[in-house]
Amino acid sequence: RKEVEQDPGPFNVPEGATVAFNCTYSNSASQSFFWYRQDCRKEPKLLMSVYSSGNEDGRFTAQLNRASQYISLLIRDSKLSDSATYLCVVNEPSGTYKYIFGTGTRLKVLA
Amino acid sequence: EAQVTQNPRYLITVTGKKLTVTCSQNMNHEYMSWYRQDPGLGLRQIYYSMNVEVTDKGDVPEGYKVSRKEKRNFPLILESPSPNQTSLYFCASSRQGNLLGANYGYTFGSGTRLTVV
């Protein structure tokens, strides 16, 4: 089993749709979780951290389910500019600053 | 502007010719890391550094060296590049986590696209 798994997609959705991505992780002791966004051939950019209580930033909502070991990202009212690859990131809880990246889920928002 | 700066952005080189990719951050971050990104494999960590003179291997360190003599700089050295090191490379930095154990996530440089022929 991969340490961090994501559905590669692509998810093709119309503008205005709501779309959700899930990401599962294998190490139950992981402590920090993030969603990054990566545009084609560009650097990943931090979208949001994921907290145990869940958190929201505008149209984006992130949730953490420790019991089932997954995190989710919900995007409401999708925009064309949301088209990108979304990377799930989990830290390795070894006292070091090592992060494990998922291979990403590709989203295409269609006009 | 807070940023991580990598140079060069693009590099084509020949097998065996030593090269260095520079990385510098202006945010006084403790943590720095190098990743390579390959299609279907995602981002894989090469080396990371928790502070000056403290470095450790990531998942794919073979064929690479790093050094952290100053807090702001973290160069990646390929002593004898080979074609399987053709990849997109990213440097990243982050500040130290807080006492509650939360970490802050990385800020990435713009990437270096390396081709070894």
# chains A, B, ... in the order shown; residues from 1 in each chain; ligands from 1
>>> residues_around(residues="Thr61 in chain A", least_positions_apart="2", cutoff="7 Å", atoms="only C-alpha atoms", output="PyMOL selection string")
chain A and resi 55-57+59+63+73-75
>>> interface_residues(of="chain B", to="chain A", cutoff="8 Å", atoms="only C-alpha atoms", output="number ranges by chain")
B: 31, 40-45, 48, 50, 58, 90, 101-111
>>> write_last_selection(atoms="N, CA, C and O atoms", output="compact mmCIF listing (two decimals), in the first residue's frame")
# COMPACT_ATOMS: atom_id res chain seq x y z
N TYR B 31 14.01 24.86 7.93
CA TYR B 31 13.97 23.62 7.17
C TYR B 31 14.08 23.89 5.68
O TYR B 31 13.43 24.79 5.15
N GLY B 40 4.10 10.28 -13.10
CA GLY B 40 3.59 9.05 -12.49
C GLY B 40 4.18 8.72 -11.13
O GLY B 40 3.67 7.84 -10.43
N LEU B 41 5.24 9.41 -10.76
CA LEU B 41 5.90 9.10 -9.48
C LEU B 41 5.69 10.21 -8.45
O LEU B 41 6.01 10.04 -7.28
N GLY B 42 5.23 11.34 -8.88
CA GLY B 42 5.01 12.43 -7.95
C GLY B 42 6.31 13.04 -7.46
O GLY B 42 7.38 12.84 -8.03
N LEU B 43 6.22 13.76 -6.37
CA LEU B 43 7.39 14.41 -5.76
C LEU B 43 8.07 13.47 -4.79
O LEU B 43 7.43 12.92 -3.89
N ARG B 44 9.35 13.29 -5.00
CA ARG B 44 10.11 12.40 -4.11
C ARG B 44 11.25 13.21 -3.49
O ARG B 44 11.97 13.93 -4.18
N GLN B 45 11.44 13.02 -2.20
CA GLN B 45 12.42 13.80 -1.48
C GLN B 45 13.83 13.24 -1.69
O GLN B 45 14.05 12.04 -1.55
N TYR B 48 17.06 16.55 2.86
CA TYR B 48 16.48 17.65 3.60
C TYR B 48 17.46 18.10 4.67
O TYR B 48 18.41 17.39 5.02
N MET B 50 17.46 20.23 8.53
CA MET B 50 16.68 20.81 9.60
C MET B 50 17.30 22.10 10.14
O MET B 50 16.64 22.83 10.88
N GLY B 58 16.74 11.73 2.02
CA GLY B 58 15.33 11.49 1.80
C GLY B 58 15.14 10.11 1.20
O GLY B 58 15.86 9.18 1.52
N PHE B 90 12.77 20.58 -7.44
CA PHE B 90 12.25 21.68 -6.63
C PHE B 90 12.99 21.76 -5.31
O PHE B 90 13.18 20.75 -4.63
N GLY B 101 3.26 20.74 17.83
CA GLY B 101 3.55 19.71 16.85
C GLY B 101 3.05 20.03 15.46
O GLY B 101 3.26 19.27 14.53
N ALA B 102 2.41 21.15 15.29
CA ALA B 102 1.92 21.52 13.95
C ALA B 102 3.08 22.02 13.10
O ALA B 102 3.95 22.72 13.59
N ASN B 103 3.08 21.62 11.87
CA ASN B 103 4.06 22.12 10.92
C ASN B 103 3.40 23.06 9.94
O ASN B 103 2.18 23.08 9.82
N TYR B 104 4.20 23.80 9.22
CA TYR B 104 3.65 24.91 8.44
C TYR B 104 3.62 24.69 6.94
O TYR B 104 3.12 25.51 6.22
N GLY B 105 4.16 23.59 6.49
CA GLY B 105 4.14 23.38 5.05
C GLY B 105 5.29 24.10 4.37
O GLY B 105 5.86 25.05 4.91
N TYR B 106 5.63 23.63 3.20
CA TYR B 106 6.77 24.17 2.47
C TYR B 106 6.36 25.28 1.50
O TYR B 106 5.28 25.27 0.92
N THR B 107 7.30 26.21 1.29
CA THR B 107 7.26 27.14 0.16
C THR B 107 8.27 26.62 -0.86
O THR B 107 9.42 26.36 -0.51
N PHE B 108 7.82 26.49 -2.10
CA PHE B 108 8.67 25.91 -3.14
C PHE B 108 9.29 26.97 -4.03
O PHE B 108 8.70 28.04 -4.26
N GLY B 109 10.48 26.66 -4.54
CA GLY B 109 11.06 27.44 -5.62
C GLY B 109 10.37 27.12 -6.93
O GLY B 109 9.53 26.21 -7.00
N SER B 110 10.74 27.84 -7.97
CA SER B 110 10.07 27.71 -9.28
C SER B 110 10.48 26.48 -10.06
O SER B 110 9.88 26.20 -11.10
N GLY B 111 11.47 25.77 -9.61
CA GLY B 111 11.85 24.52 -10.25
C GLY B 111 13.04 24.67 -11.20
O GLY B 111 13.29 25.74 -11.75
>>> residues_around(residues="Val14 in chain B", least_positions_apart="2", cutoff="10 Å", atoms="only C-alpha atoms", output="list in words")
Ile12, Gly16, Lys17, Lys18, Leu19, Ser80, Pro81, Ser82, Pro83, Thr115, Val116 and Val117 of chain B
>>> write_last_selection(atoms="C-alpha atoms", output="compact mmCIF listing (two decimals), in the first residue's frame")
# COMPACT_ATOMS: atom_id res chain seq x y z
CA ILE B 12 20.98 20.61 -20.37
CA GLY B 16 29.45 12.87 -15.99
CA LYS B 17 29.83 16.63 -15.95
CA LYS B 18 29.50 17.88 -12.38
CA LEU B 19 26.82 20.47 -11.79
CA SER B 80 28.50 12.72 -12.05
CA PRO B 81 25.06 13.21 -13.60
CA SER B 82 23.45 10.35 -15.47
CA PRO B 83 20.42 10.30 -17.81
CA THR B 115 18.17 17.15 -18.89
CA VAL B 116 21.21 14.86 -18.87
CA VAL B 117 22.20 13.52 -22.28
>>> atom_distance(atom1="CA of Asp38 in chain B", atom2="CA of Thr85 in chain A")
14.1 Å
>>> residues_around(residues="range 21-30 of chain B", least_positions_apart="5", cutoff="7 Å", atoms="only C-alpha atoms", output="list in words")
Ala2, Gln3, Val4, Thr5, Gln6, Asn7, Pro8, Met50, Asn51, Lys71, Arg72, Asn73, Phe74, Pro75, Leu76, Ile77, Cys91, Ser93, Ser94, Arg95 and Gln96 of chain B
>>> closest_residue(among="B:Gln85, B:Met32, B:Tyr64, B:Glu1", to="Ile46 in chain B", atoms="only C-alpha atoms")
B:Tyr64
